[in-house]
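Below is one structure, written out as structure tokens, with a few remarks after it.
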Amino acid sequence: MSGDVVDLIMADHREVERLFEELKRFPEKRPLVVPVLSALLTAHSRAEEAEVYPVAIAEAGETKEVAHSQEEHEQAEELLIKLTETDPASPKFEKALKELVDSVTHHVEEEETTVLPGMKTGLDEARRMELGAAFAASRAEHLGDKPGEASRKELEMQARNMNMTGTSDMNKARLAKELKKQAKS
């Protein structure tokens with residue numbers, strides 16, 4: 001799968017929205033749908049963080065927007081962990097699902113009105129196609145990843161995307177903690 005990176009990202013957004021609806025409308029499907037949602041959101045986030053956000057910063061001038069999007073990814077990942085750890089038959093599941101839906105919906109709306117239009121106008125079609133291939137390959141590579149289990153290298157990329165400095169001497173646990181703190185501020 002390849003194409004314009006903006007179109008690929010938006011296609012993932014629509015699929016996440018479809019999965020949210022499935023979770024809301026068909027509670028009996030939750031044990032099967034939650035792992036699919038978790039895999040898609042995690043792979044999508046990792047691919048954006050590794051392939052798209054650095055280019056959006058360097059080539060499309062989206063520095064502030066990317067830092068904010070990266071912070072929202074961190075928040076969504078925490079909510080996704082909470083959802084995956086909640087019994088789908090529990091009353092707490094509805095609350096966890098609503099929190100995740102609200103967070104991701106907000107992120108999608110912002111990304112589709114700031115970062116993605118900036119990339120559409122700031123990058124030519126050939127570059128967006130090249131970036132689309134890189135995004136798709138990275139997304140496929142990360143499909144088995146679980147939320148909350150980012151590698152040290154992935155955490156460093158997230159820190160760069162948030163414009164954090166002084167992270168090179170931090171161990172993985174401290175870096176993860178600082179990223180969470182930055183996302184909450």
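FYI, nothing fancy with the structure tokens labels: chains A, B, ... in order, residues from 1 per chain, ligands from 1 as they appear.
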
Surrounding residues of region 136-150 of chain A excluding itself and chain neighbours under 6 positions, 9 Å, only C-alpha atoms, as an MDAnalysis selection string: chainID A and resid 1:3 5 8 38:48 50:51 77:78 80:81 176

Could the residues in this selection be saved with N, CA, C and O atoms as a PDB file, in the first residue's frame?
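Just written: result_23.pdb:
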ATOM      1  N   MET A   1       0.838  -1.174   0.000  1.00  0.00           N
ATOM      2  CA  MET A   1       0.000   0.000   0.000  1.00  0.00           C
ATOM      3  C   MET A   1       0.884   1.238   0.000  1.00  0.00           C
ATOM      4  O   MET A   1       1.756   1.389   0.829  1.00  0.00           O
ATOM      5  N   SER A   2       0.662   2.096  -0.967  1.00  0.00           N
ATOM      6  CA  SER A   2       1.370   3.366  -0.973  1.00  0.00           C
ATOM      7  C   SER A   2       0.458   4.407  -1.601  1.00  0.00           C
ATOM      8  O   SER A   2      -0.618   4.102  -2.088  1.00  0.00           O
ATOM      9  N   GLY A   3       0.909   5.609  -1.583  1.00  0.00           N
ATOM     10  CA  GLY A   3       0.132   6.724  -2.099  1.00  0.00           C
ATOM     11  C   GLY A   3       0.582   7.992  -1.417  1.00  0.00           C
ATOM     12  O   GLY A   3       1.612   8.022  -0.742  1.00  0.00           O
ATOM     13  N   VAL A   5       0.980  10.527   1.299  1.00  0.00           N
ATOM     14  CA  VAL A   5       1.010  10.316   2.747  1.00  0.00           C
ATOM     15  C   VAL A   5      -0.200  10.940   3.434  1.00  0.00           C
ATOM     16  O   VAL A   5      -0.741  10.366   4.392  1.00  0.00           O
ATOM     17  N   LEU A   8      -3.092   8.588   2.982  1.00  0.00           N
ATOM     18  CA  LEU A   8      -2.932   7.375   3.797  1.00  0.00           C
ATOM     19  C   LEU A   8      -3.256   7.644   5.266  1.00  0.00           C
ATOM     20  O   LEU A   8      -3.926   6.837   5.924  1.00  0.00           O
ATOM     21  N   SER A  38      -6.167  -1.214  18.915  1.00  0.00           N
ATOM     22  CA  SER A  38      -4.882  -0.981  19.576  1.00  0.00           C
ATOM     23  C   SER A  38      -3.730  -1.130  18.591  1.00  0.00           C
ATOM     24  O   SER A  38      -2.822  -0.289  18.542  1.00  0.00           O
ATOM     25  N   ALA A  39      -3.761  -2.175  17.781  1.00  0.00           N
ATOM     26  CA  ALA A  39      -2.694  -2.408  16.801  1.00  0.00           C
ATOM     27  C   ALA A  39      -2.635  -1.282  15.772  1.00  0.00           C
ATOM     28  O   ALA A  39      -1.550  -0.776  15.450  1.00  0.00           O
ATOM     29  N   LEU A  40      -3.797  -0.869  15.274  1.00  0.00           N
ATOM     30  CA  LEU A  40      -3.830   0.182  14.261  1.00  0.00           C
ATOM     31  C   LEU A  40      -3.360   1.520  14.825  1.00  0.00           C
ATOM     32  O   LEU A  40      -2.514   2.187  14.221  1.00  0.00           O
ATOM     33  N   LEU A  41      -3.901   1.917  15.970  1.00  0.00           N
ATOM     34  CA  LEU A  41      -3.506   3.209  16.544  1.00  0.00           C
ATOM     35  C   LEU A  41      -2.019   3.250  16.881  1.00  0.00           C
ATOM     36  O   LEU A  41      -1.349   4.258  16.628  1.00  0.00           O
ATOM     37  N   THR A  42      -1.508   2.171  17.430  1.00  0.00           N
ATOM     38  CA  THR A  42      -0.097   2.142  17.810  1.00  0.00           C
ATOM     39  C   THR A  42       0.789   2.200  16.574  1.00  0.00           C
ATOM     40  O   THR A  42       1.744   2.993  16.514  1.00  0.00           O
ATOM     41  N   ALA A  43       0.499   1.388  15.571  1.00  0.00           N
ATOM     42  CA  ALA A  43       1.301   1.379  14.344  1.00  0.00           C
ATOM     43  C   ALA A  43       1.211   2.733  13.624  1.00  0.00           C
ATOM     44  O   ALA A  43       2.229   3.255  13.144  1.00  0.00           O
ATOM     45  N   HIS A  44       0.025   3.289  13.563  1.00  0.00           N
ATOM     46  CA  HIS A  44      -0.182   4.591  12.921  1.00  0.00           C
ATOM     47  C   HIS A  44       0.654   5.672  13.624  1.00  0.00           C
ATOM     48  O   HIS A  44       1.360   6.443  12.966  1.00  0.00           O
ATOM     49  N   SER A  45       0.580   5.700  14.944  1.00  0.00           N
ATOM     50  CA  SER A  45       1.333   6.701  15.707  1.00  0.00           C
ATOM     51  C   SER A  45       2.827   6.548  15.513  1.00  0.00           C
ATOM     52  O   SER A  45       3.534   7.533  15.265  1.00  0.00           O
ATOM     53  N   ARG A  46       3.327   5.324  15.612  1.00  0.00           N
ATOM     54  CA  ARG A  46       4.766   5.086  15.458  1.00  0.00           C
ATOM     55  C   ARG A  46       5.244   5.504  14.061  1.00  0.00           C
ATOM     56  O   ARG A  46       6.327   6.084  13.913  1.00  0.00           O
ATOM     57  N   ALA A  47       4.441   5.198  13.036  1.00  0.00           N
ATOM     58  CA  ALA A  47       4.828   5.558  11.669  1.00  0.00           C
ATOM     59  C   ALA A  47       4.823   7.076  11.479  1.00  0.00           C
ATOM     60  O   ALA A  47       5.723   7.631  10.841  1.00  0.00           O
ATOM     61  N   GLU A  48       3.821   7.757  12.028  1.00  0.00           N
ATOM     62  CA  GLU A  48       3.807   9.227  11.939  1.00  0.00           C
ATOM     63  C   GLU A  48       5.022   9.806  12.650  1.00  0.00           C
ATOM     64  O   GLU A  48       5.678  10.706  12.130  1.00  0.00           O
ATOM     65  N   ALA A  50       7.935   8.477  13.332  1.00  0.00           N
ATOM     66  CA  ALA A  50       9.219   8.154  12.724  1.00  0.00           C
ATOM     67  C   ALA A  50       9.398   8.753  11.336  1.00  0.00           C
ATOM     68  O   ALA A  50      10.491   9.216  10.999  1.00  0.00           O
ATOM     69  N   GLU A  51       8.353   8.738  10.536  1.00  0.00           N
ATOM     70  CA  GLU A  51       8.497   9.118   9.129  1.00  0.00           C
ATOM     71  C   GLU A  51       7.883  10.467   8.771  1.00  0.00           C
ATOM     72  O   GLU A  51       8.429  11.195   7.950  1.00  0.00           O
ATOM     73  N   GLU A  77      -1.993   7.325  23.812  1.00  0.00           N
ATOM     74  CA  GLU A  77      -1.406   6.027  24.126  1.00  0.00           C
ATOM     75  C   GLU A  77      -1.714   5.613  25.566  1.00  0.00           C
ATOM     76  O   GLU A  77      -2.022   4.454  25.826  1.00  0.00           O
ATOM     77  N   GLU A  78      -1.668   6.562  26.480  1.00  0.00           N
ATOM     78  CA  GLU A  78      -2.024   6.259  27.869  1.00  0.00           C
ATOM     79  C   GLU A  78      -3.483   5.813  27.976  1.00  0.00           C
ATOM     80  O   GLU A  78      -3.807   4.868  28.694  1.00  0.00           O
ATOM     81  N   LEU A  80      -5.229   4.487  25.558  1.00  0.00           N
ATOM     82  CA  LEU A  80      -5.345   3.197  24.873  1.00  0.00           C
ATOM     83  C   LEU A  80      -4.920   2.062  25.792  1.00  0.00           C
ATOM     84  O   LEU A  80      -5.563   1.006  25.840  1.00  0.00           O
ATOM     85  N   ILE A  81      -3.877   2.282  26.561  1.00  0.00           N
ATOM     86  CA  ILE A  81      -3.447   1.281  27.545  1.00  0.00           C
ATOM     87  C   ILE A  81      -4.585   1.032  28.538  1.00  0.00           C
ATOM     88  O   ILE A  81      -4.919  -0.114  28.841  1.00  0.00           O
ATOM     89  N   ALA A 176      10.784   8.154  29.210  1.00  0.00           N
ATOM     90  CA  ALA A 176       9.344   7.889  29.102  1.00  0.00           C
ATOM     91  C   ALA A 176       8.569   8.765  30.090  1.00  0.00           C
ATOM     92  O   ALA A 176       7.529   9.338  29.755  1.00  0.00           O
TER      93      ALA A 176
END

Go ahead and compute the interatomic distance for CA of Gln70 (chain A) and CA of Val36 (chain A), in Å to one decimal. 21.8 Å

Give me the residues within 12 Å of Lys82 (chain A) as number ranges by chain, counting only C-alpha atoms and dropping any in the same chain fewer than 4 places off. A: 34, 38, 75-78, 86-88, 92-100, 147-148

Taking only C-alpha atoms into account, name the residue in A:Glu85, A:Glu111, A:Asp102, A:Glu22 that is nearest to Val66 (chain A).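 Of all the options, A:Glu111 lies closest to Val66 (chain A).
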
Lys153 (chain A): which residues within 12 Å, counting only C-alpha atoms, same-chain residues fewer than 6 positions away excluded, as a list of chain:residue names?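 Here the answer would be A:Arg46, A:Glu49, A:Ala50, A:Ala159, A:Arg160, A:Thr167, A:Ser168, A:Asn171, A:Lys172, A:Leu175, A:Ala176.
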
Dump all heavy atoms for the selected residues as a JSON list (two decimals), in the first residue's frame?
[["chain", "number", "residue", "atom", "x", "y", "z"],
["A", 46, "ARG", "N", 3.33, 5.32, 15.61],
["A", 46, "ARG", "CA", 4.77, 5.09, 15.46],
["A", 46, "ARG", "C", 5.24, 5.50, 14.06],
["A", 46, "ARG", "O", 6.33, 6.08, 13.91],
["A", 46, "ARG", "CB", 5.11, 3.62, 15.70],
["A", 46, "ARG", "CG", 4.81, 3.09, 17.08],
["A", 46, "ARG", "CD", 5.86, 3.49, 18.12],
["A", 46, "ARG", "NE", 5.63, 2.77, 19.36],
["A", 46, "ARG", "CZ", 4.79, 3.16, 20.31],
["A", 46, "ARG", "NH1", 4.12, 4.27, 20.18],
["A", 46, "ARG", "NH2", 4.65, 2.45, 21.41],
["A", 49, "GLU", "N", 5.30, 9.31, 13.84],
["A", 49, "GLU", "CA", 6.40, 9.84, 14.64],
["A", 49, "GLU", "C", 7.75, 9.63, 13.97],
["A", 49, "GLU", "O", 8.62, 10.50, 14.01],
["A", 49, "GLU", "CB", 6.39, 9.18, 16.02],
["A", 49, "GLU", "CG", 5.19, 9.55, 16.84],
["A", 49, "GLU", "CD", 4.89, 8.62, 18.00],
["A", 49, "GLU", "OE1", 5.69, 7.70, 18.28],
["A", 49, "GLU", "OE2", 3.84, 8.83, 18.64],
["A", 50, "ALA", "N", 7.93, 8.48, 13.33],
["A", 50, "ALA", "CA", 9.22, 8.15, 12.72],
["A", 50, "ALA", "C", 9.40, 8.75, 11.34],
["A", 50, "ALA", "O", 10.49, 9.22, 11.00],
["A", 50, "ALA", "CB", 9.38, 6.63, 12.64],
["A", 159, "ALA", "N", 10.66, 12.61, 21.66],
["A", 159, "ALA", "CA", 11.22, 13.79, 22.33],
["A", 159, "ALA", "C", 11.63, 14.85, 21.31],
["A", 159, "ALA", "O", 11.36, 16.04, 21.51],
["A", 159, "ALA", "CB", 12.40, 13.38, 23.21],
["A", 160, "ARG", "N", 12.28, 14.43, 20.22],
["A", 160, "ARG", "CA", 12.66, 15.39, 19.18],
["A", 160, "ARG", "C", 11.41, 16.04, 18.57],
["A", 160, "ARG", "O", 11.40, 17.24, 18.31],
["A", 160, "ARG", "CB", 13.48, 14.70, 18.08],
["A", 160, "ARG", "CG", 14.95, 14.56, 18.42],
["A", 160, "ARG", "CD", 15.79, 14.18, 17.21],
["A", 160, "ARG", "NE", 15.46, 12.86, 16.68],
["A", 160, "ARG", "CZ", 15.90, 11.71, 17.17],
["A", 160, "ARG", "NH1", 16.69, 11.71, 18.23],
["A", 160, "ARG", "NH2", 15.56, 10.57, 16.61],
["A", 167, "THR", "N", 17.79, 15.17, 26.52],
["A", 167, "THR", "CA", 17.27, 13.82, 26.77],
["A", 167, "THR", "C", 18.29, 12.72, 26.49],
["A", 167, "THR", "O", 18.07, 11.58, 26.86],
["A", 167, "THR", "CB", 16.03, 13.55, 25.90],
["A", 167, "THR", "OG1", 16.39, 13.68, 24.52],
["A", 167, "THR", "CG2", 14.91, 14.52, 26.24],
["A", 168, "SER", "N", 19.42, 13.06, 25.86],
["A", 168, "SER", "CA", 20.37, 12.03, 25.45],
["A", 168, "SER", "C", 20.99, 11.27, 26.62],
["A", 168, "SER", "O", 21.36, 10.11, 26.48],
["A", 168, "SER", "CB", 21.47, 12.62, 24.57],
["A", 168, "SER", "OG", 22.17, 13.60, 25.29],
["A", 171, "ASN", "N", 17.98, 7.65, 30.93],
["A", 171, "ASN", "CA", 17.70, 6.25, 30.63],
["A", 171, "ASN", "C", 16.27, 6.15, 30.08],
["A", 171, "ASN", "O", 15.52, 7.11, 30.10],
["A", 171, "ASN", "CB", 17.93, 5.35, 31.85],
["A", 171, "ASN", "CG", 16.96, 5.63, 32.99],
["A", 171, "ASN", "OD1", 15.82, 6.06, 32.78],
["A", 171, "ASN", "ND2", 17.41, 5.38, 34.20],
["A", 172, "LYS", "N", 15.92, 4.98, 29.59],
["A", 172, "LYS", "CA", 14.64, 4.79, 28.93],
["A", 172, "LYS", "C", 13.47, 5.13, 29.85],
["A", 172, "LYS", "O", 12.53, 5.82, 29.45],
["A", 172, "LYS", "CB", 14.52, 3.35, 28.42],
["A", 172, "LYS", "CG", 13.24, 3.08, 27.68],
["A", 172, "LYS", "CD", 13.16, 1.64, 27.19],
["A", 172, "LYS", "CE", 11.79, 1.38, 26.60],
["A", 172, "LYS", "NZ", 11.60, 0.00, 26.20],
["A", 175, "LEU", "N", 13.23, 8.90, 30.38],
["A", 175, "LEU", "CA", 12.78, 9.55, 29.16],
["A", 175, "LEU", "C", 11.28, 9.36, 28.98],
["A", 175, "LEU", "O", 10.56, 10.32, 28.66],
["A", 175, "LEU", "CB", 13.55, 9.00, 27.95],
["A", 175, "LEU", "CG", 13.21, 9.58, 26.59],
["A", 175, "LEU", "CD1", 13.32, 11.10, 26.57],
["A", 175, "LEU", "CD2", 14.11, 8.97, 25.53],
["A", 176, "ALA", "N", 10.78, 8.15, 29.21],
["A", 176, "ALA", "CA", 9.34, 7.89, 29.10],
["A", 176, "ALA", "C", 8.57, 8.76, 30.09],
["A", 176, "ALA", "O", 7.53, 9.34, 29.75],
["A", 176, "ALA", "CB", 9.06, 6.42, 29.34]]

Name the closest residue to Val101 (chain A) among the candidates A:Glu71, A:Glu28, A:Leu83, A:Ala173; distances are taken between atoms, counting only C-alpha atoms.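 That would be A:Leu83, the residue with the smallest distance to Val101 (chain A).
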
Skipping near chain neighbours, those fewer than 4 positions away, what residues fall within 12 Å of Glu59 (chain A) using only C-alpha atoms, listed as a compact mmCIF listing (two decimals) with all heavy atoms, in the first residue's frame?
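The file below, part-v4.txt, is the result:
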# COMPACT_ATOMS: atom_id res chain seq x y z
N VAL A 52 6.76 10.79 9.35
CA VAL A 52 6.00 11.97 8.90
C VAL A 52 6.37 13.22 9.70
O VAL A 52 6.66 14.27 9.11
CB VAL A 52 4.48 11.69 8.98
CG1 VAL A 52 3.68 12.91 8.56
CG2 VAL A 52 4.12 10.48 8.13
N TYR A 53 6.34 13.13 11.01
CA TYR A 53 6.57 14.32 11.81
C TYR A 53 7.94 14.97 11.57
O TYR A 53 8.01 16.20 11.45
CB TYR A 53 6.36 14.03 13.30
CG TYR A 53 4.90 13.84 13.69
CD1 TYR A 53 4.56 13.45 14.97
CD2 TYR A 53 3.86 14.06 12.80
CE1 TYR A 53 3.23 13.28 15.36
CE2 TYR A 53 2.53 13.88 13.16
CZ TYR A 53 2.22 13.50 14.44
OH TYR A 53 0.91 13.34 14.82
N PRO A 54 9.03 14.19 11.48
CA PRO A 54 10.32 14.86 11.21
C PRO A 54 10.31 15.64 9.88
O PRO A 54 10.88 16.73 9.79
CB PRO A 54 11.32 13.70 11.17
CG PRO A 54 10.70 12.65 12.04
CD PRO A 54 9.22 12.76 11.77
N VAL A 55 9.65 15.10 8.87
CA VAL A 55 9.57 15.78 7.58
C VAL A 55 8.65 17.00 7.68
O VAL A 55 8.94 18.06 7.11
CB VAL A 55 9.09 14.81 6.47
CG1 VAL A 55 8.82 15.55 5.16
CG2 VAL A 55 10.12 13.71 6.26
N THR A 63 6.61 22.90 12.91
CA THR A 63 7.26 22.60 14.18
C THR A 63 6.30 22.63 15.37
O THR A 63 6.21 21.67 16.13
CB THR A 63 8.43 23.58 14.42
OG1 THR A 63 9.32 23.49 13.31
CG2 THR A 63 9.17 23.23 15.70
N VAL A 115 -1.63 20.20 10.52
CA VAL A 115 -0.44 19.51 10.02
C VAL A 115 -0.63 19.02 8.58
O VAL A 115 0.21 19.28 7.71
CB VAL A 115 -0.04 18.33 10.93
CG1 VAL A 115 1.15 17.57 10.35
CG2 VAL A 115 0.29 18.83 12.33
N GLY A 118 -0.77 21.68 5.87
CA GLY A 118 0.56 22.25 5.73
C GLY A 118 1.48 21.36 4.92
O GLY A 118 2.30 21.83 4.13
N MET A 119 1.33 20.06 5.09
CA MET A 119 2.13 19.12 4.30
C MET A 119 1.66 19.10 2.85
O MET A 119 2.47 18.98 1.93
CB MET A 119 2.06 17.73 4.91
CG MET A 119 2.78 17.64 6.24
SD MET A 119 2.80 16.00 6.92
CE MET A 119 3.88 15.20 5.75
N LYS A 120 0.36 19.22 2.65
CA LYS A 120 -0.20 19.20 1.29
C LYS A 120 0.33 20.40 0.49
O LYS A 120 0.65 20.26 -0.69
CB LYS A 120 -1.74 19.23 1.38
CG LYS A 120 -2.46 18.75 0.17
CD LYS A 120 -2.41 17.25 0.05
CE LYS A 120 -3.58 16.73 -0.76
NZ LYS A 120 -3.40 15.35 -1.15
N THR A 121 0.43 21.56 1.14
CA THR A 121 0.91 22.74 0.43
C THR A 121 2.42 22.90 0.51
O THR A 121 3.03 23.48 -0.38
CB THR A 121 0.25 24.02 0.98
OG1 THR A 121 0.54 24.15 2.37
CG2 THR A 121 -1.25 24.01 0.75
N GLY A 122 3.04 22.38 1.56
CA GLY A 122 4.48 22.56 1.76
C GLY A 122 5.36 21.52 1.10
O GLY A 122 6.57 21.71 0.99
N LEU A 123 4.77 20.41 0.67
CA LEU A 123 5.54 19.34 0.02
C LEU A 123 4.93 19.07 -1.35
O LEU A 123 3.71 19.01 -1.48
CB LEU A 123 5.49 18.06 0.86
CG LEU A 123 5.98 18.14 2.30
CD1 LEU A 123 5.72 16.82 3.02
CD2 LEU A 123 7.45 18.49 2.36
N ASP A 124 5.79 18.85 -2.33
CA ASP A 124 5.23 18.54 -3.65
C ASP A 124 4.72 17.10 -3.69
O ASP A 124 4.98 16.30 -2.78
CB ASP A 124 6.24 18.82 -4.77
CG ASP A 124 7.47 17.91 -4.74
OD1 ASP A 124 7.38 16.77 -4.25
OD2 ASP A 124 8.52 18.36 -5.24
N ARG A 127 7.20 14.18 -3.30
CA ARG A 127 7.69 14.01 -1.93
C ARG A 127 6.62 13.38 -1.05
O ARG A 127 6.91 12.52 -0.22
CB ARG A 127 8.11 15.38 -1.35
CG ARG A 127 8.69 15.30 0.05
CD ARG A 127 9.99 14.50 0.07
NE ARG A 127 10.63 14.56 1.36
CZ ARG A 127 10.98 13.48 2.08
NH1 ARG A 127 10.78 12.27 1.60
NH2 ARG A 127 11.55 13.63 3.24
N ARG A 128 5.35 13.77 -1.25
CA ARG A 128 4.27 13.16 -0.47
C ARG A 128 4.12 11.68 -0.81
O ARG A 128 3.82 10.87 0.06
CB ARG A 128 2.96 13.92 -0.68
CG ARG A 128 2.95 15.31 -0.05
CD ARG A 128 1.57 15.94 0.00
NE ARG A 128 0.77 15.78 -1.18
CZ ARG A 128 0.76 16.60 -2.23
NH1 ARG A 128 1.53 17.69 -2.23
NH2 ARG A 128 -0.03 16.36 -3.26
N LEU A 131 7.02 9.90 0.86
CA LEU A 131 6.73 9.84 2.29
C LEU A 131 5.61 8.84 2.58
O LEU A 131 5.62 8.15 3.59
CB LEU A 131 6.35 11.24 2.78
CG LEU A 131 6.36 11.50 4.27
CD1 LEU A 131 7.67 11.09 4.91
CD2 LEU A 131 6.09 12.97 4.53

DSSP-assigned alpha helix (DSSP H) members of region 2-172 of chain A, reported as JSON, numbers by chain: {"A": [5, 6, 7, 8, 9, 10, 11, 12, 13, 14, 15, 16, 17, 18, 19, 20, 21, 22, 23, 24, 25, 30, 31, 32, 33, 34, 35, 36, 37, 38, 39, 40, 41, 42, 43, 44, 45, 46, 47, 53, 54, 55, 56, 57, 58, 63, 64, 65, 66, 67, 68, 69, 70, 71, 72, 73, 74, 75, 76, 77, 78, 79, 80, 81, 82, 83, 84, 91, 92, 93, 94, 95, 96, 97, 98, 99, 100, 101, 102, 103, 104, 105, 106, 107, 108, 109, 110, 111, 112, 113, 115, 116, 117, 118, 119, 120, 121, 122, 125, 126, 127, 128, 129, 130, 131, 132, 133, 134, 135, 136, 137, 138, 139, 140, 141, 152, 153, 154, 155, 156, 157, 158, 159, 160, 161, 172]}

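The nearest approach to Glu178 (chain A) among the residues A:Pro35, A:Thr113, A:Glu74, A:Ala56, with only C-alpha atoms taken into account, belongs to A:Glu74.
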
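Taking only C-alpha atoms into account, Pro91 (chain A) lies nearest to A:Pro27 out of the set A:Pro27, A:Met129, A:Leu155, A:Glu21.
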
When you draw a straight line from CA of Val33 (chain A) to CA of Thr114 (chain A), how long is it in Å?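 For CA of Val33 (chain A) relative to CA of Thr114 (chain A), the distance reads 29.6 Å.
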
With only C-alpha atoms as the basis for distance, which of A:Asn163, A:Ser90, A:Ser185, A:Thr105 is at the shortest distance from Arg18 (chain A)? A:Thr105

In Å to one decimal, how far is CA of Asp4 (chain A) from CA of Ala133 (chain A)?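 Separation between CA of Ala133 (chain A) and CA of Asp4 (chain A): 8.2 Å.
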
Between A:Lys24, A:Gly132, A:Pro31, A:Glu156, which residue has the minimum interatomic distance to Ala11 (chain A), considering only C-alpha atoms? A:Gly132
